[in-house]
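Structure file upload21.cif; described as mmCIF, C-alpha atoms and all ligand atoms.
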```cif
data_target
loop_
_atom_site.label_atom_id
_atom_site.label_comp_id
_atom_site.auth_asym_id
_atom_site.auth_seq_id
_atom_site.Cartn_x
_atom_site.Cartn_y
_atom_site.Cartn_z
CA MET V 135 131.63 103.13 98.83
CA PRO V 136 127.90 103.78 98.28
CA THR V 137 125.50 101.30 99.81
CA THR V 138 124.04 98.67 97.47
CA PRO V 139 120.32 98.76 96.64
CA LEU V 140 119.94 95.59 98.74
CA ASP V 141 121.45 97.22 101.86
CA ALA V 142 119.27 100.30 101.37
CA LEU V 143 116.07 98.36 100.78
CA ARG V 144 116.64 96.08 103.76
CA ARG V 145 116.35 99.22 105.87
CA HIS V 146 112.87 99.83 104.39
CA GLN V 147 111.76 96.21 104.90
CA ALA V 148 109.27 96.87 107.71
CA GLU V 149 107.53 99.76 105.94
CA LEU V 150 107.32 97.83 102.69
CA ALA V 151 105.96 94.74 104.47
CA ALA V 152 103.23 96.94 105.98
CA ILE V 153 102.22 98.11 102.48
CA ARG V 154 102.25 94.51 101.25
CA GLN V 155 100.10 93.28 104.13
CA ASP V 156 97.58 96.08 103.56
CA LEU V 157 97.32 95.15 99.87
CA HIS V 158 96.96 91.51 100.89
CA ALA V 159 94.08 92.27 103.24
CA HIS V 160 92.27 94.13 100.43
CA PRO V 161 92.60 91.95 97.31
CA GLU V 162 90.84 92.88 94.07
CA LEU V 163 90.08 90.71 91.05
CA GLY V 164 91.60 91.43 87.63
CA MET V 165 90.59 94.74 86.01
CA THR V 166 88.81 95.92 89.20
CA GLU V 167 91.99 96.94 91.10
CA ARG V 168 90.71 100.43 91.98
CA ARG V 169 91.85 100.59 95.60
CA THR V 170 95.18 98.93 94.79
CA ALA V 171 95.80 101.33 91.91
CA GLU V 172 95.03 104.29 94.18
CA VAL V 173 97.45 103.03 96.85
CA VAL V 174 100.12 102.68 94.15
CA ALA V 175 99.42 106.11 92.61
CA ARG V 176 99.54 107.88 95.99
CA GLN V 177 102.77 106.16 96.98
CA LEU V 178 104.38 107.21 93.69
CA GLU V 179 103.08 110.78 94.05
CA SER V 180 104.48 111.00 97.58
CA LEU V 181 107.89 110.25 96.06
CA GLY V 182 107.57 113.06 93.50
CA ILE V 183 107.11 110.61 90.63
CA GLU V 184 104.89 111.63 87.68
CA VAL V 185 101.79 109.40 87.77
CA HIS V 186 99.45 108.31 84.97
CA ARG V 187 96.28 106.60 86.19
CA GLY V 188 93.82 104.56 84.14
CA VAL V 189 96.29 103.12 81.61
CA GLY V 190 94.48 100.07 80.20
CA GLY V 191 91.66 100.19 82.75
CA THR V 192 93.06 100.22 86.28
CA GLY V 193 96.74 100.22 85.25
CA VAL V 194 99.13 102.86 86.63
CA VAL V 195 102.40 104.12 85.12
CA GLY V 196 104.96 106.16 87.04
CA VAL V 197 107.66 108.14 85.22
CA LEU V 198 110.96 109.07 86.88
CA ARG V 199 113.59 111.04 84.93
CA ASN V 200 117.14 111.76 85.98
CA GLY V 201 119.97 113.46 84.12
CA ARG V 202 119.89 114.10 80.39
CA GLY V 203 119.70 110.54 79.13
CA ASN V 204 116.83 109.50 76.86
CA ARG V 205 117.18 105.78 77.27
CA ALA V 206 114.29 104.23 79.18
CA ILE V 207 113.78 101.06 81.18
CA GLY V 208 110.33 99.70 82.01
CA LEU V 209 109.80 97.78 85.26
CA ARG V 210 106.55 95.85 85.46
CA ALA V 211 104.52 94.39 88.34
CA ASP V 212 101.04 92.87 88.35
CA MET V 213 98.32 93.91 90.85
CA ASP V 214 95.40 91.46 90.65
CA ALA V 215 94.18 88.75 93.03
CA LEU V 216 92.38 85.46 92.39
CA PRO V 217 88.85 84.12 93.04
CA ILE V 218 90.04 81.88 95.92
CA GLN V 219 88.82 81.72 99.53
CA GLU V 220 91.92 82.24 101.69
CA LEU V 221 92.61 79.52 104.26
CA THR V 222 95.57 81.05 106.10
CA GLU V 223 95.22 82.38 109.65
CA LEU V 224 97.62 85.28 109.08
CA PRO V 225 96.65 88.61 110.73
CA TRP V 226 96.59 90.28 107.27
CA ARG V 227 94.52 87.55 105.59
CA SER V 228 92.01 88.66 102.97
CA ARG V 229 89.04 90.64 104.27
CA THR V 230 87.13 89.99 101.06
CA ALA V 231 85.32 86.66 100.95
CA GLY V 232 86.30 84.53 97.97
CA VAL V 233 89.14 86.79 96.81
CA MET V 234 92.79 86.24 97.68
CA HIS V 235 96.26 87.33 96.65
CA ALA V 236 97.26 83.69 96.11
CA CYS V 237 99.84 84.44 93.40
CA GLY V 238 101.82 87.04 95.35
CA HIS V 239 100.98 89.98 93.10
CA ASP V 240 100.64 92.05 96.31
CA GLY V 241 104.33 91.28 96.83
CA HIS V 242 105.26 92.12 93.22
CA THR V 243 103.45 95.48 93.48
CA THR V 244 105.21 96.25 96.78
CA MET V 245 108.64 95.33 95.40
CA LEU V 246 108.16 97.73 92.50
CA LEU V 247 107.04 100.46 94.94
CA GLY V 248 110.20 99.76 96.95
CA ALA V 249 112.34 100.15 93.83
CA ALA V 250 110.52 103.41 93.00
CA ARG V 251 111.25 104.79 96.45
CA TYR V 252 114.92 103.82 96.31
CA LEU V 253 115.44 105.20 92.78
CA ALA V 254 113.57 108.45 93.54
CA GLU V 255 115.69 109.02 96.65
CA THR V 256 119.12 107.98 95.36
CA ARG V 257 118.90 108.88 91.64
CA ARG V 258 122.05 107.00 90.72
CA PHE V 259 121.03 106.61 87.08
CA ASP V 260 120.84 108.70 83.91
CA GLY V 261 117.68 108.30 81.84
CA ILE V 262 114.02 107.43 82.31
CA VAL V 263 112.36 104.73 84.42
CA HIS V 264 108.78 103.68 83.67
CA PHE V 265 107.11 101.91 86.60
CA ILE V 266 104.38 99.79 85.00
CA PHE V 267 101.68 98.53 87.41
CA GLN V 268 99.58 96.15 85.37
CA PRO V 269 95.99 95.06 86.10
CA GLY V 270 94.40 91.71 85.32
CA GLU V 271 97.33 89.33 84.78
CA GLU V 272 95.37 86.17 85.71
CA GLY V 273 93.87 85.53 82.27
CA CYS V 274 92.01 88.87 82.32
CA GLY V 275 93.87 90.54 79.44
CA GLY V 276 95.52 93.27 81.52
CA ALA V 277 98.79 93.42 79.58
CA LEU V 278 96.96 93.64 76.25
CA ALA V 279 94.66 96.33 77.69
CA MET V 280 97.69 98.47 78.56
CA LEU V 281 99.26 97.85 75.15
CA GLU V 282 96.02 98.78 73.39
CA ASP V 283 95.95 101.95 75.47
CA GLY V 284 99.28 102.90 73.91
CA LEU V 285 101.62 101.83 76.73
CA PHE V 286 104.81 101.81 74.69
CA GLU V 287 103.80 104.72 72.43
CA ARG V 288 103.18 106.92 75.48
CA PHE V 289 106.00 105.45 77.58
CA PRO V 290 108.65 104.15 75.12
CA CYS V 291 111.08 101.66 76.65
CA ASP V 292 114.41 100.30 75.40
CA ALA V 293 114.18 97.30 77.74
CA ILE V 294 111.59 95.89 80.14
CA TYR V 295 111.92 93.64 83.17
CA GLY V 296 109.43 91.60 85.15
CA MET V 297 109.59 89.01 87.91
CA HIS V 298 107.55 86.42 89.77
CA ASN V 299 108.00 84.89 93.20
CA ARG V 300 108.56 81.14 93.31
CA PRO V 301 107.62 78.98 96.29
CA GLY V 302 110.08 76.16 96.88
CA MET V 303 113.12 78.25 95.95
CA PRO V 304 115.10 79.83 98.82
CA VAL V 305 114.62 83.54 99.53
CA GLY V 306 117.52 85.52 98.06
CA GLU V 307 117.95 83.22 95.06
CA PHE V 308 117.01 83.95 91.47
CA ALA V 309 116.37 81.74 88.41
CA ILE V 310 116.19 82.78 84.78
CA ARG V 311 116.86 81.45 81.31
CA SER V 312 117.34 82.99 77.88
CA GLY V 313 114.73 82.16 75.23
CA PRO V 314 111.32 80.59 75.94
CA THR V 315 110.79 80.56 79.72
CA ALA V 316 107.00 80.18 80.15
CA ALA V 317 104.49 78.60 77.79
CA GLY V 318 101.89 80.45 75.78
CA GLY V 319 98.31 79.43 76.43
CA ALA V 320 95.07 79.28 74.47
CA PHE V 321 91.56 78.37 75.56
CA PHE V 322 89.27 76.56 73.12
CA ASP V 323 85.65 75.50 72.76
CA ILE V 324 84.49 73.01 70.14
CA THR V 325 80.75 72.91 69.57
CA VAL V 326 79.44 69.75 67.92
CA THR V 327 75.98 70.03 66.40
CA GLY V 328 73.96 66.92 65.50
CA ARG V 329 70.25 66.19 65.64
CA GLY V 330 68.32 65.64 68.84
CA ALA V 331 66.04 62.66 69.33
CA HIS V 332 64.49 60.33 71.93
CA GLY V 333 67.17 58.41 73.81
CA ALA V 334 65.51 55.15 72.76
CA ARG V 335 65.55 56.06 69.05
CA PRO V 336 69.19 56.62 68.04
CA GLU V 337 68.34 56.06 64.36
CA ALA V 338 66.45 59.37 64.42
CA SER V 339 69.42 61.23 65.83
CA ILE V 340 72.83 62.46 64.86
CA ASP V 341 74.41 61.99 68.28
CA PRO V 342 76.61 64.99 69.20
CA VAL V 343 77.71 63.35 72.48
CA LEU V 344 79.24 60.29 70.84
CA THR V 345 80.72 62.53 68.13
CA ALA V 346 82.26 64.81 70.75
CA CYS V 347 83.81 61.78 72.48
CA HIS V 348 85.51 60.78 69.22
CA VAL V 349 86.67 64.36 68.62
CA ALA V 350 88.14 64.47 72.14
CA THR V 351 90.05 61.24 71.51
CA ALA V 352 91.29 62.40 68.10
CA LEU V 353 92.63 65.67 69.56
CA GLN V 354 95.07 63.67 71.70
CA SER V 355 96.99 62.80 68.53
CA ILE V 356 97.85 66.46 67.76
CA VAL V 357 100.81 66.60 70.15
CA SER V 358 101.96 63.03 69.47
CA ARG V 359 101.51 62.94 65.64
CA ASN V 360 101.33 66.49 64.25
CA LEU V 361 103.99 68.39 66.18
CA ASN V 362 107.73 68.07 66.05
CA PRO V 363 108.78 66.09 69.16
CA ARG V 364 111.29 68.87 69.89
CA ASP V 365 108.40 71.33 70.37
CA PRO V 366 106.90 70.73 73.84
CA ALA V 367 103.15 71.31 73.89
CA VAL V 368 100.02 70.32 75.80
CA VAL V 369 96.43 69.80 74.67
CA SER V 370 94.15 69.26 77.68
CA ILE V 371 90.40 68.80 77.45
CA THR V 372 89.01 70.03 80.74
CA LYS V 373 85.26 70.39 80.13
CA VAL V 374 82.72 68.18 78.36
CA GLN V 375 79.13 69.29 78.28
CA GLY V 376 76.11 67.90 76.49
CA GLY V 377 72.54 66.96 77.29
CA GLU V 378 70.29 67.44 80.30
CA ALA V 379 68.26 64.24 80.54
CA TYR V 380 68.70 60.45 80.63
CA ASN V 381 66.35 59.84 77.73
CA VAL V 382 67.14 62.72 75.35
CA ILE V 383 69.88 62.75 72.74
CA PRO V 384 70.74 66.48 72.64
CA GLU V 385 71.26 68.72 69.64
CA THR V 386 74.71 69.91 70.69
CA ALA V 387 77.69 69.03 72.83
CA THR V 388 80.79 71.08 73.61
CA ILE V 389 84.30 70.15 74.57
CA SER V 390 86.63 72.78 75.97
CA GLY V 391 90.15 73.01 77.28
CA THR V 392 93.53 74.62 77.05
CA ALA V 393 96.62 74.28 74.89
CA ARG V 394 100.18 75.28 75.88
CA PHE V 395 103.15 75.90 73.55
CA PHE V 396 106.42 77.82 73.29
CA SER V 397 105.99 79.61 69.97
CA ARG V 398 103.18 81.28 68.06
CA GLU V 399 103.99 78.97 65.11
CA VAL V 400 103.23 75.87 67.19
CA ALA V 401 100.06 77.54 68.45
CA ALA V 402 98.95 78.06 64.85
CA GLN V 403 99.73 74.39 64.05
CA ILE V 404 97.63 73.19 67.01
CA GLU V 405 94.75 75.49 66.10
CA ALA V 406 94.75 74.33 62.46
CA ALA V 407 94.95 70.64 63.38
CA MET V 408 92.21 71.03 65.98
CA GLY V 409 89.84 72.71 63.52
CA ARG V 410 90.56 70.14 60.82
CA MET V 411 90.07 67.15 63.12
CA ALA V 412 86.93 68.47 64.76
CA GLU V 413 85.29 69.16 61.40
CA GLY V 414 86.52 65.93 59.83
CA VAL V 415 85.56 63.62 62.68
CA ALA V 416 82.18 65.30 63.04
CA ALA V 417 81.55 64.98 59.29
CA GLY V 418 82.16 61.24 59.58
CA PHE V 419 79.24 61.06 61.99
CA GLY V 420 77.06 63.35 59.87
CA ALA V 421 77.46 66.17 62.43
CA THR V 422 79.19 69.54 62.21
CA ALA V 423 81.79 71.08 64.51
CA THR V 424 83.07 74.61 64.99
CA LEU V 425 86.20 75.65 66.85
CA ASP V 426 86.48 78.83 68.92
CA TRP V 427 90.20 79.33 69.68
CA ARG V 428 91.36 82.21 71.89
CA LEU V 429 95.00 83.06 72.55
CA ILE V 430 95.12 84.13 76.22
CA PHE V 431 98.89 84.22 76.77
CA ALA V 432 101.69 84.57 74.23
CA PRO V 433 104.77 82.43 74.93
CA THR V 434 107.11 84.24 77.35
CA VAL V 435 110.44 84.58 75.54
CA ASN V 436 113.41 86.22 77.22
CA ASP V 437 115.73 88.33 75.08
CA ALA V 438 119.31 86.98 75.30
CA GLU V 439 120.96 90.35 75.97
CA GLN V 440 118.37 91.47 78.52
CA THR V 441 118.49 88.08 80.25
CA GLU V 442 122.22 88.51 80.74
CA ALA V 443 121.73 92.09 81.96
CA LEU V 444 119.10 91.05 84.52
CA ALA V 445 121.03 87.96 85.66
CA ALA V 446 124.16 90.09 86.11
CA ALA V 447 122.15 92.64 88.13
CA ALA V 448 120.90 89.81 90.36
CA ALA V 449 124.44 88.42 90.76
CA SER V 450 125.69 91.88 91.76
CA LEU V 451 123.32 91.66 94.76
CA VAL V 452 123.48 88.03 95.89
CA GLY V 453 126.52 86.55 94.11
CA GLU V 454 126.74 84.27 91.07
CA ALA V 455 126.09 81.12 93.08
CA LYS V 456 122.53 82.25 93.91
CA VAL V 457 121.55 83.04 90.31
CA ALA V 458 120.56 80.01 88.22
CA ARG V 459 120.80 80.86 84.52
CA ASP V 460 119.48 77.53 83.23
CA LYS V 461 115.97 77.43 84.73
CA PRO V 462 113.92 74.86 82.76
CA PRO V 463 110.94 76.39 80.92
CA GLY V 464 107.63 76.05 82.78
CA MET V 465 104.29 75.07 81.20
CA GLY V 466 102.46 77.82 83.12
CA SER V 467 101.79 81.13 81.41
CA GLU V 468 102.37 84.82 82.03
CA ASP V 469 100.91 87.76 80.14
CA PHE V 470 104.05 89.93 80.49
CA SER V 471 104.79 87.88 77.34
CA PHE V 472 102.69 90.30 75.26
CA MET V 473 104.83 93.23 76.43
CA MET V 474 108.04 91.30 75.66
CA GLU V 475 106.78 90.71 72.11
CA ARG V 476 106.99 94.50 71.66
CA VAL V 477 110.10 95.42 73.67
CA PRO V 478 113.15 93.23 74.40
CA GLY V 479 113.02 92.18 78.00
CA ALA V 480 113.57 89.52 80.60
CA TYR V 481 111.44 87.82 83.23
CA ILE V 482 113.05 86.31 86.32
CA GLN V 483 111.93 84.11 89.22
CA LEU V 484 112.84 84.96 92.79
CA GLY V 485 112.70 82.60 95.73
CA ASN V 486 109.74 82.75 98.12
CA GLY V 487 111.06 80.02 100.46
CA ASP V 488 109.23 76.87 101.50
CA GLY V 489 105.45 76.93 101.67
CA ALA V 490 102.26 76.36 99.73
CA SER V 491 102.33 76.67 95.95
CA LEU V 492 100.95 79.53 93.87
CA HIS V 493 97.13 79.61 93.55
CA ASN V 494 96.78 77.48 96.70
CA PRO V 495 94.40 78.82 99.41
CA ARG V 496 97.25 78.48 101.96
CA TYR V 497 99.84 80.28 99.82
CA ALA V 498 101.70 83.04 101.70
CA PHE V 499 103.96 85.64 100.12
CA ASN V 500 107.24 85.86 102.05
CA ASP V 501 107.97 89.46 103.10
CA GLU V 502 111.66 88.56 103.48
CA ALA V 503 111.77 88.47 99.66
CA ILE V 504 110.72 92.14 99.29
CA PRO V 505 114.21 93.72 99.56
CA TYR V 506 115.61 91.24 97.02
CA GLY V 507 112.96 91.89 94.38
CA ALA V 508 112.99 95.66 94.93
CA ALA V 509 116.79 95.75 94.85
CA LEU V 510 116.88 93.74 91.65
CA TYR V 511 114.63 96.25 89.86
CA ALA V 512 116.81 99.07 91.22
CA ALA V 513 120.10 97.40 90.26
CA ALA V 514 118.78 96.72 86.73
CA VAL V 515 118.17 100.47 86.36
CA GLU V 516 121.50 101.57 87.83
CA ARG V 517 123.40 99.15 85.62
CA GLY V 518 121.23 99.66 82.52
CA LEU V 519 121.13 103.47 82.69
CA PRO V 520 124.59 104.25 84.11
CA ARG V 521 125.68 107.79 84.98
CA GLU V 522 128.70 108.91 82.95
ZN ZN R 601 98.85 83.40 89.12
ZN ZN R 602 101.21 85.45 89.23
#
```

Once you've parsed the file, please lay out its structure as structure tokens.
Amino acid sequence: MPTTPLDALRRHQAELAAIRQDLHAHPELGMTERRTAEVVARQLESLGIEVHRGVGGTGVVGVLRNGRGNRAIGLRADMDALPIQELTELPWRSRTAGVMHACGHDGHTTMLLGAARYLAETRRFDGIVHFIFQPGEEGCGGALAMLEDGLFERFPCDAIYGMHNRPGMPVGEFAIRSGPTAAGGAFFDITVTGRGAHGARPEASIDPVLTACHVATALQSIVSRNLNPRDPAVVSITKVQGGEAYNVIPETATISGTARFFSREVAAQIEAAMGRMAEGVAAGFGATATLDWRLIFAPTVNDAEQTEALAAAAASLVGEAKVARDKPPGMGSEDFSFMMERVPGAYIQLGNGDGASLHNPRYAFNDEAIPYGAALYAAAVERGLPRE
């Protein structure tokens, strides 16, 4: 009876935790992950894995072939940190002021390195594994940068898998669902242009501030009146800017925010309604409005077949009772979505135990989770690319 990937990776726990803590102490913001990428590349090279540096900026791809099979599985981890000042007192806390691995991407990177080590040493699969280390996940366009650099043309994959740690869920448990699992996200800016005047002479003005207030109110009817109630969506206005002085009506005002949705069709509906309302409301005040809409994250949609494959791989490690297959969709976003629009795949959550939430300055990745995440990647390969 061969050992399971989980047994094997538990034996590497201490070494992998040391890699994780080193990455944690040296966090790098999205698209500047030069040291991290070099650590990853050298680790892969030390395992005899073919390494491609500079894929989509600071991205790294490792290629491991075994047997004669031509089927390929892509395993993806993200590498970037966040502009947050760390408030933990851990010995491996960030040594870079104002930058912190507060989303656990140091853990994701380490788990994928653990899977690479296990698969390179045991080789109990037939086919090709692509280890995809992605830069700039936190709204920095890293997934798109890799895709534009020909990721899937250079490294074709039949299936891709990704994962994220989840505080509040016990270590050793997994959660996944088929279909939409994380929202897509857009950022928008609406610029209202009127006519500036003295604050005491409104009749000489076309007030862009008052107009922007009405636009902001009108936008709240998009979700409630324009969308199908079965399509969950959010329109949040998070920034309002206009004017510099108490006695000056300015020329322009801007309102900005984010929208969340679970399909590109709903995104297009929100964008169209937003543009129409902004222009129409502004016209009523004699002003003009322009919308700048930017899709930052596609909706994350799990393929049904790959969801089942990944859930079954997880259950083979920890048992069915510790794999939830009905995780409710979250309104947060994930740019692995852009890769899953090209290749059928699945994205799973793994427990990080109790502790501070993601993006919190006291967040701490739980090193006990490393063997589980690494073993899941490994099991997905062994089951997805079986030896005859
Ligand atoms: Zn994050
Ligand atoms: Zn994250």

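Coordinates place CA of Ile183 in chain V at a distance of 26.4 Å from CA of Leu484 in chain V.
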
Cut-off 9 Å, only C-alpha atoms and all ligand atoms, neighbours of ligand ZN 602 (chain R) as a list in words: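 Going residue by residue within 9 Å of ligand ZN 602 (chain R), we get Asp212, Asp214, Ala215, Ala236, Cys237, Gly238, His239, His242, Glu271, Glu272, His298, Asn299, Ser467, Glu468, Leu492 and His493 of chain V.
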
In Å, rounded to a single decimal, give me how far CA of His332 in chain V is from CA of Ile383 in chain V. 6.0 Å

Surrounding residues of Ala331 in chain V excluding itself and chain neighbours under 3 positions, 7 Å, all atoms listed in the file, as a ChimeraX atom specification: /V:335-336,338-339,382-384

Mind giving me the straight-line distance from CA of His158 in chain V to CA of Arg176 in chain V in Å, one decimal? 17.3 Å

Might you pull out every residue within 10 Å of Val457 in chain V, with all atoms listed in the file counted and same-chain residues fewer than 3 positions away left off, and present them as a ChimeraX atom specification? /V:306-310,445-454,460-461,482-484

Given only C-alpha atoms and all ligand atoms as the basis, pick out the residue of V:Val194, V:Leu216, V:Met297, V:Leu361 nearest to ligand ZN 601 (chain R).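 Among the listed residues, the smallest separation from ligand ZN 601 (chain R) belongs to V:Leu216.
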
Dig up all the protein and nucleic acid residues within 8 Å of (109.4, 90.8, 96.5) in the file frame, using all atoms listed in the file, and format them as a short mmCIF file (atom, residue, chain, number, x, y, z; two decimals) with C-alpha atoms, in the coordinates of the input.
```cif
data_model
loop_
_atom_site.label_atom_id
_atom_site.label_comp_id
_atom_site.auth_asym_id
_atom_site.auth_seq_id
_atom_site.Cartn_x
_atom_site.Cartn_y
_atom_site.Cartn_z
CA GLY V 241 104.33 91.28 96.83
CA HIS V 242 105.26 92.12 93.22
CA THR V 244 105.21 96.25 96.78
CA MET V 245 108.64 95.33 95.40
CA ASN V 299 108.00 84.89 93.20
CA LEU V 484 112.84 84.96 92.79
CA ASN V 500 107.24 85.86 102.05
CA ASP V 501 107.97 89.46 103.10
CA GLU V 502 111.66 88.56 103.48
CA ALA V 503 111.77 88.47 99.66
CA ILE V 504 110.72 92.14 99.29
CA PRO V 505 114.21 93.72 99.56
CA TYR V 506 115.61 91.24 97.02
CA GLY V 507 112.96 91.89 94.38
CA ALA V 508 112.99 95.66 94.93
#
```

Would you mind writing range 140-160 of chain V with N, CA, C and O atoms, as a CSV table (one decimal), keeping the file's coordinate frame?
```csv
chain,number,residue,atom,x,y,z
V,140,LEU,N,120.4,96.6,97.8
V,140,LEU,CA,119.9,95.6,98.7
V,140,LEU,C,120.1,96.1,100.2
V,140,LEU,O,119.2,96.0,101.0
V,141,ASP,N,121.3,96.7,100.5
V,141,ASP,CA,121.4,97.2,101.9
V,141,ASP,C,120.4,98.3,102.1
V,141,ASP,O,119.8,98.3,103.2
V,142,ALA,N,120.2,99.2,101.2
V,142,ALA,CA,119.3,100.3,101.4
V,142,ALA,C,117.8,99.8,101.6
V,142,ALA,O,117.1,100.2,102.4
V,143,LEU,N,117.5,98.8,100.7
V,143,LEU,CA,116.1,98.4,100.8
V,143,LEU,C,115.8,97.5,102.0
V,143,LEU,O,114.7,97.4,102.5
V,144,ARG,N,116.8,96.8,102.5
V,144,ARG,CA,116.6,96.1,103.8
V,144,ARG,C,116.2,97.0,104.9
V,144,ARG,O,115.5,96.6,105.8
V,145,ARG,N,116.7,98.3,104.8
V,145,ARG,CA,116.4,99.2,105.9
V,145,ARG,C,114.9,99.6,105.8
V,145,ARG,O,114.3,100.2,106.7
V,146,HIS,N,114.3,99.5,104.6
V,146,HIS,CA,112.9,99.8,104.4
V,146,HIS,C,111.9,98.6,104.5
V,146,HIS,O,110.7,98.7,104.3
V,147,GLN,N,112.5,97.5,104.9
V,147,GLN,CA,111.8,96.2,104.9
V,147,GLN,C,110.4,96.3,105.7
V,147,GLN,O,109.4,95.9,105.2
V,148,ALA,N,110.5,96.9,106.9
V,148,ALA,CA,109.3,96.9,107.7
V,148,ALA,C,108.2,97.7,107.1
V,148,ALA,O,107.0,97.3,107.0
V,149,GLU,N,108.5,98.9,106.6
V,149,GLU,CA,107.5,99.8,105.9
V,149,GLU,C,106.9,99.1,104.7
V,149,GLU,O,105.7,99.2,104.4
V,150,LEU,N,107.8,98.5,103.9
V,150,LEU,CA,107.3,97.8,102.7
V,150,LEU,C,106.4,96.6,103.0
V,150,LEU,O,105.4,96.4,102.4
V,151,ALA,N,106.8,95.9,104.1
V,151,ALA,CA,106.0,94.7,104.5
V,151,ALA,C,104.6,95.2,104.9
V,151,ALA,O,103.6,94.6,104.6
V,152,ALA,N,104.5,96.4,105.6
V,152,ALA,CA,103.2,96.9,106.0
V,152,ALA,C,102.4,97.3,104.8
V,152,ALA,O,101.1,97.0,104.8
V,153,ILE,N,103.0,97.8,103.7
V,153,ILE,CA,102.2,98.1,102.5
V,153,ILE,C,101.7,96.8,101.9
V,153,ILE,O,100.6,96.7,101.5
V,154,ARG,N,102.6,95.8,101.8
V,154,ARG,CA,102.2,94.5,101.2
V,154,ARG,C,101.1,93.9,102.0
V,154,ARG,O,100.1,93.3,101.4
V,155,GLN,N,101.1,93.9,103.3
V,155,GLN,CA,100.1,93.3,104.1
V,155,GLN,C,98.8,94.0,104.0
V,155,GLN,O,97.7,93.4,104.0
V,156,ASP,N,98.8,95.3,103.8
V,156,ASP,CA,97.6,96.1,103.6
V,156,ASP,C,97.0,95.7,102.2
V,156,ASP,O,95.8,95.5,102.1
V,157,LEU,N,97.8,95.6,101.2
V,157,LEU,CA,97.3,95.2,99.9
V,157,LEU,C,96.8,93.7,100.0
V,157,LEU,O,95.7,93.4,99.4
V,158,HIS,N,97.4,92.9,100.8
V,158,HIS,CA,97.0,91.5,100.9
V,158,HIS,C,95.6,91.4,101.5
V,158,HIS,O,94.7,90.6,101.1
V,159,ALA,N,95.4,92.3,102.5
V,159,ALA,CA,94.1,92.3,103.2
V,159,ALA,C,92.9,92.8,102.4
V,159,ALA,O,91.8,92.5,102.6
V,160,HIS,N,93.3,93.5,101.3
V,160,HIS,CA,92.3,94.1,100.4
V,160,HIS,C,92.5,93.7,99.0
V,160,HIS,O,92.8,94.6,98.1
```
